[in-house]
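Okay, structure first, notes after.
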Protein chains: 2
Amino acid sequence: MCEANAYFVKNGNLELIMESVDQLTPQDDNTWHLVGIFGDQKYVRGQIQGMQLVEHKIIFEEVADAPA
Amino acid sequence: MCEANAYFVKNGNLELIMESVDQLTPQDDNTWHLVGIFGDQKYVRGQIQGMQLVEHKIIFEEVADAPA
């Protein structure tokens with residue numbers, strides 16, 4: 001199985017927000033819909049900072065401020 | 001290994017743009033930097049339509065027009 005764990009980076013620390021994520025779909029308003037391998041779901045507000053799939057990591061961060 | 005293949009959806013068809021992607025990092029200007037498991041790299045202009053990690057799929061699409 002090639003699912004990944006989703007983290008949110010806050011103050012430089014990685015907080016695990018969901019394990020074994022299979023599907024990720026962007027929604028409107030800077031939110032992602034995550035579905036786990038067991039069908040569990042979560043909505044995450046943020047943007048993707050980066051993914052390292054071999055390490056099973058998907059890292060979210062706060063949405064950057066819109067340009068002034 | 002849990003890499004994924006990157007596709008671009010165009011006219012409803014999936015075109016394979018890169019195999020065995022390990023790392024994905026968003027850049028400025030709606031571009032993603034992809035790094036493969038062998039260190040190969042590619043820049044993809046577009047936005048993520050969705051990911052199905054268990055199926056090893058990451059699907060890009062054209063960037064939606066900015067609101068008028």
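Residue numbers start at 1 in each chain; chains themselves are named A, B, ... in the order of the structure tokens; ligands are numbered from 1 in the order shown.
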
- Item | Shell around Ile59 (chain B) at 7 Å using only C-alpha atoms, local window under 6 positions removed, as an MDAnalysis selection string | chainID B and resid 6:9 48:51

- Find the residues around Phe38 (chain A) up to 9 Å (only C-alpha atoms counted), leave out those fewer than 6 positions away in its own chain, and share them as a ChimeraX atom specification. /A:20-22

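Residue nearest Leu53 (chain B) within the list A:Glu15, A:Glu3, A:Asp40, A:Asp28: A:Glu3 [criterion: smallest interatomic distance, only C-alpha atoms].
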
- Pick out the residues sitting within 12 Å of region 30-32 of chain A, and hand them over as a VMD selection string; count only C-alpha atoms, and ignore anything fewer than 2 positions along from it in its own chain. (chain A and resid 6 21 23 to 28 34 to 35 41 to 48 58 to 66) or (chain B and resid 48 to 51)

Output the selection as a PDB file, in the first residue's frame - N, CA and C atoms for each residue.
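This is the output file part11.pdb:
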ATOM      1  N   ALA A   6      -0.407  12.642   6.417  1.00  0.00           N
ATOM      2  CA  ALA A   6      -0.538  14.080   6.195  1.00  0.00           C
ATOM      3  C   ALA A   6      -0.142  14.822   7.463  1.00  0.00           C
ATOM      4  N   VAL A  21      -3.387   8.257   4.157  1.00  0.00           N
ATOM      5  CA  VAL A  21      -4.215   8.991   3.211  1.00  0.00           C
ATOM      6  C   VAL A  21      -4.062   8.381   1.821  1.00  0.00           C
ATOM      7  N   GLN A  23      -6.545   9.415  -0.998  1.00  0.00           N
ATOM      8  CA  GLN A  23      -6.954  10.395  -1.995  1.00  0.00           C
ATOM      9  C   GLN A  23      -6.962  11.814  -1.440  1.00  0.00           C
ATOM     10  N   LEU A  24      -6.480  12.732  -2.250  1.00  0.00           N
ATOM     11  CA  LEU A  24      -6.490  14.157  -1.894  1.00  0.00           C
ATOM     12  C   LEU A  24      -7.077  14.927  -3.052  1.00  0.00           C
ATOM     13  N   THR A  25      -8.031  15.760  -2.758  1.00  0.00           N
ATOM     14  CA  THR A  25      -8.696  16.545  -3.796  1.00  0.00           C
ATOM     15  C   THR A  25      -8.844  17.977  -3.309  1.00  0.00           C
ATOM     16  N   PRO A  26      -8.365  18.923  -4.106  1.00  0.00           N
ATOM     17  CA  PRO A  26      -8.521  20.319  -3.698  1.00  0.00           C
ATOM     18  C   PRO A  26      -9.965  20.763  -3.820  1.00  0.00           C
ATOM     19  N   GLN A  27     -10.407  21.536  -2.852  1.00  0.00           N
ATOM     20  CA  GLN A  27     -11.740  22.123  -2.870  1.00  0.00           C
ATOM     21  C   GLN A  27     -11.576  23.613  -3.146  1.00  0.00           C
ATOM     22  N   ASP A  28     -12.668  24.300  -3.210  1.00  0.00           N
ATOM     23  CA  ASP A  28     -12.565  25.750  -3.263  1.00  0.00           C
ATOM     24  C   ASP A  28     -12.062  26.242  -1.909  1.00  0.00           C
ATOM     25  N   LEU A  34      -9.387  14.986   2.187  1.00  0.00           N
ATOM     26  CA  LEU A  34      -8.521  13.818   2.311  1.00  0.00           C
ATOM     27  C   LEU A  34      -9.373  12.591   2.608  1.00  0.00           C
ATOM     28  N   VAL A  35      -9.081  11.491   1.932  1.00  0.00           N
ATOM     29  CA  VAL A  35      -9.780  10.234   2.186  1.00  0.00           C
ATOM     30  C   VAL A  35      -8.735   9.174   2.497  1.00  0.00           C
ATOM     31  N   GLN A  41     -12.472  10.343   6.378  1.00  0.00           N
ATOM     32  CA  GLN A  41     -12.328  11.581   5.632  1.00  0.00           C
ATOM     33  C   GLN A  41     -11.979  12.745   6.545  1.00  0.00           C
ATOM     34  N   LYS A  42     -11.340  13.709   5.951  1.00  0.00           N
ATOM     35  CA  LYS A  42     -11.027  14.929   6.696  1.00  0.00           C
ATOM     36  C   LYS A  42     -10.875  16.072   5.712  1.00  0.00           C
ATOM     37  N   TYR A  43     -11.256  17.265   6.148  1.00  0.00           N
ATOM     38  CA  TYR A  43     -11.011  18.468   5.365  1.00  0.00           C
ATOM     39  C   TYR A  43      -9.891  19.253   6.039  1.00  0.00           C
ATOM     40  N   VAL A  44      -8.931  19.645   5.252  1.00  0.00           N
ATOM     41  CA  VAL A  44      -7.780  20.373   5.781  1.00  0.00           C
ATOM     42  C   VAL A  44      -7.715  21.732   5.111  1.00  0.00           C
ATOM     43  N   ARG A  45      -7.702  22.780   5.908  1.00  0.00           N
ATOM     44  CA  ARG A  45      -7.552  24.117   5.354  1.00  0.00           C
ATOM     45  C   ARG A  45      -6.065  24.449   5.328  1.00  0.00           C
ATOM     46  N   GLY A  46      -5.563  24.745   4.151  1.00  0.00           N
ATOM     47  CA  GLY A  46      -4.146  25.056   4.017  1.00  0.00           C
ATOM     48  C   GLY A  46      -3.709  24.806   2.601  1.00  0.00           C
ATOM     49  N   GLN A  47      -2.419  24.955   2.383  1.00  0.00           N
ATOM     50  CA  GLN A  47      -1.870  24.666   1.062  1.00  0.00           C
ATOM     51  C   GLN A  47      -0.748  23.654   1.234  1.00  0.00           C
ATOM     52  N   ILE A  48      -0.443  22.961   0.172  1.00  0.00           N
ATOM     53  CA  ILE A  48       0.607  21.952   0.251  1.00  0.00           C
ATOM     54  C   ILE A  48       1.971  22.633   0.231  1.00  0.00           C
ATOM     55  N   ILE A  58       3.057  13.986   3.267  1.00  0.00           N
ATOM     56  CA  ILE A  58       2.437  15.128   2.600  1.00  0.00           C
ATOM     57  C   ILE A  58       2.332  16.217   3.646  1.00  0.00           C
ATOM     58  N   ILE A  59       2.902  17.363   3.339  1.00  0.00           N
ATOM     59  CA  ILE A  59       3.007  18.419   4.347  1.00  0.00           C
ATOM     60  C   ILE A  59       2.194  19.632   3.919  1.00  0.00           C
ATOM     61  N   PHE A  60       1.278  20.007   4.787  1.00  0.00           N
ATOM     62  CA  PHE A  60       0.464  21.204   4.566  1.00  0.00           C
ATOM     63  C   PHE A  60       1.019  22.348   5.393  1.00  0.00           C
ATOM     64  N   GLU A  61       0.696  23.563   4.954  1.00  0.00           N
ATOM     65  CA  GLU A  61       1.064  24.757   5.707  1.00  0.00           C
ATOM     66  C   GLU A  61      -0.075  25.754   5.593  1.00  0.00           C
ATOM     67  N   GLU A  62       0.011  26.787   6.404  1.00  0.00           N
ATOM     68  CA  GLU A  62      -1.000  27.846   6.319  1.00  0.00           C
ATOM     69  C   GLU A  62      -0.956  28.502   4.952  1.00  0.00           C
ATOM     70  N   VAL A  63      -2.100  28.915   4.491  1.00  0.00           N
ATOM     71  CA  VAL A  63      -2.162  29.589   3.200  1.00  0.00           C
ATOM     72  C   VAL A  63      -1.440  30.922   3.286  1.00  0.00           C
ATOM     73  N   ALA A  64      -0.593  31.170   2.314  1.00  0.00           N
ATOM     74  CA  ALA A  64       0.146  32.432   2.303  1.00  0.00           C
ATOM     75  C   ALA A  64      -0.833  33.582   2.098  1.00  0.00           C
ATOM     76  N   ASP A  65      -0.514  34.692   2.685  1.00  0.00           N
ATOM     77  CA  ASP A  65      -1.372  35.874   2.507  1.00  0.00           C
ATOM     78  C   ASP A  65      -1.420  36.263   1.049  1.00  0.00           C
ATOM     79  N   ALA A  66      -2.551  36.716   0.626  1.00  0.00           N
ATOM     80  CA  ALA A  66      -2.672  37.220  -0.747  1.00  0.00           C
ATOM     81  C   ALA A  66      -1.805  38.467  -0.886  1.00  0.00           C
TER      82      ALA A  66
ATOM     83  N   ILE B  48      -3.057  20.869  -9.177  1.00  0.00           N
ATOM     84  CA  ILE B  48      -3.410  19.479  -8.915  1.00  0.00           C
ATOM     85  C   ILE B  48      -4.924  19.321  -8.972  1.00  0.00           C
ATOM     86  N   GLN B  49      -5.364  18.387  -9.788  1.00  0.00           N
ATOM     87  CA  GLN B  49      -6.796  18.078  -9.848  1.00  0.00           C
ATOM     88  C   GLN B  49      -7.149  17.082  -8.760  1.00  0.00           C
ATOM     89  N   GLY B  50      -6.225  16.155  -8.508  1.00  0.00           N
ATOM     90  CA  GLY B  50      -6.458  15.175  -7.464  1.00  0.00           C
ATOM     91  C   GLY B  50      -5.325  14.177  -7.407  1.00  0.00           C
ATOM     92  N   MET B  51      -5.262  13.444  -6.299  1.00  0.00           N
ATOM     93  CA  MET B  51      -4.242  12.403  -6.127  1.00  0.00           C
ATOM     94  C   MET B  51      -4.914  11.135  -5.636  1.00  0.00           C
TER      95      MET B  51
END
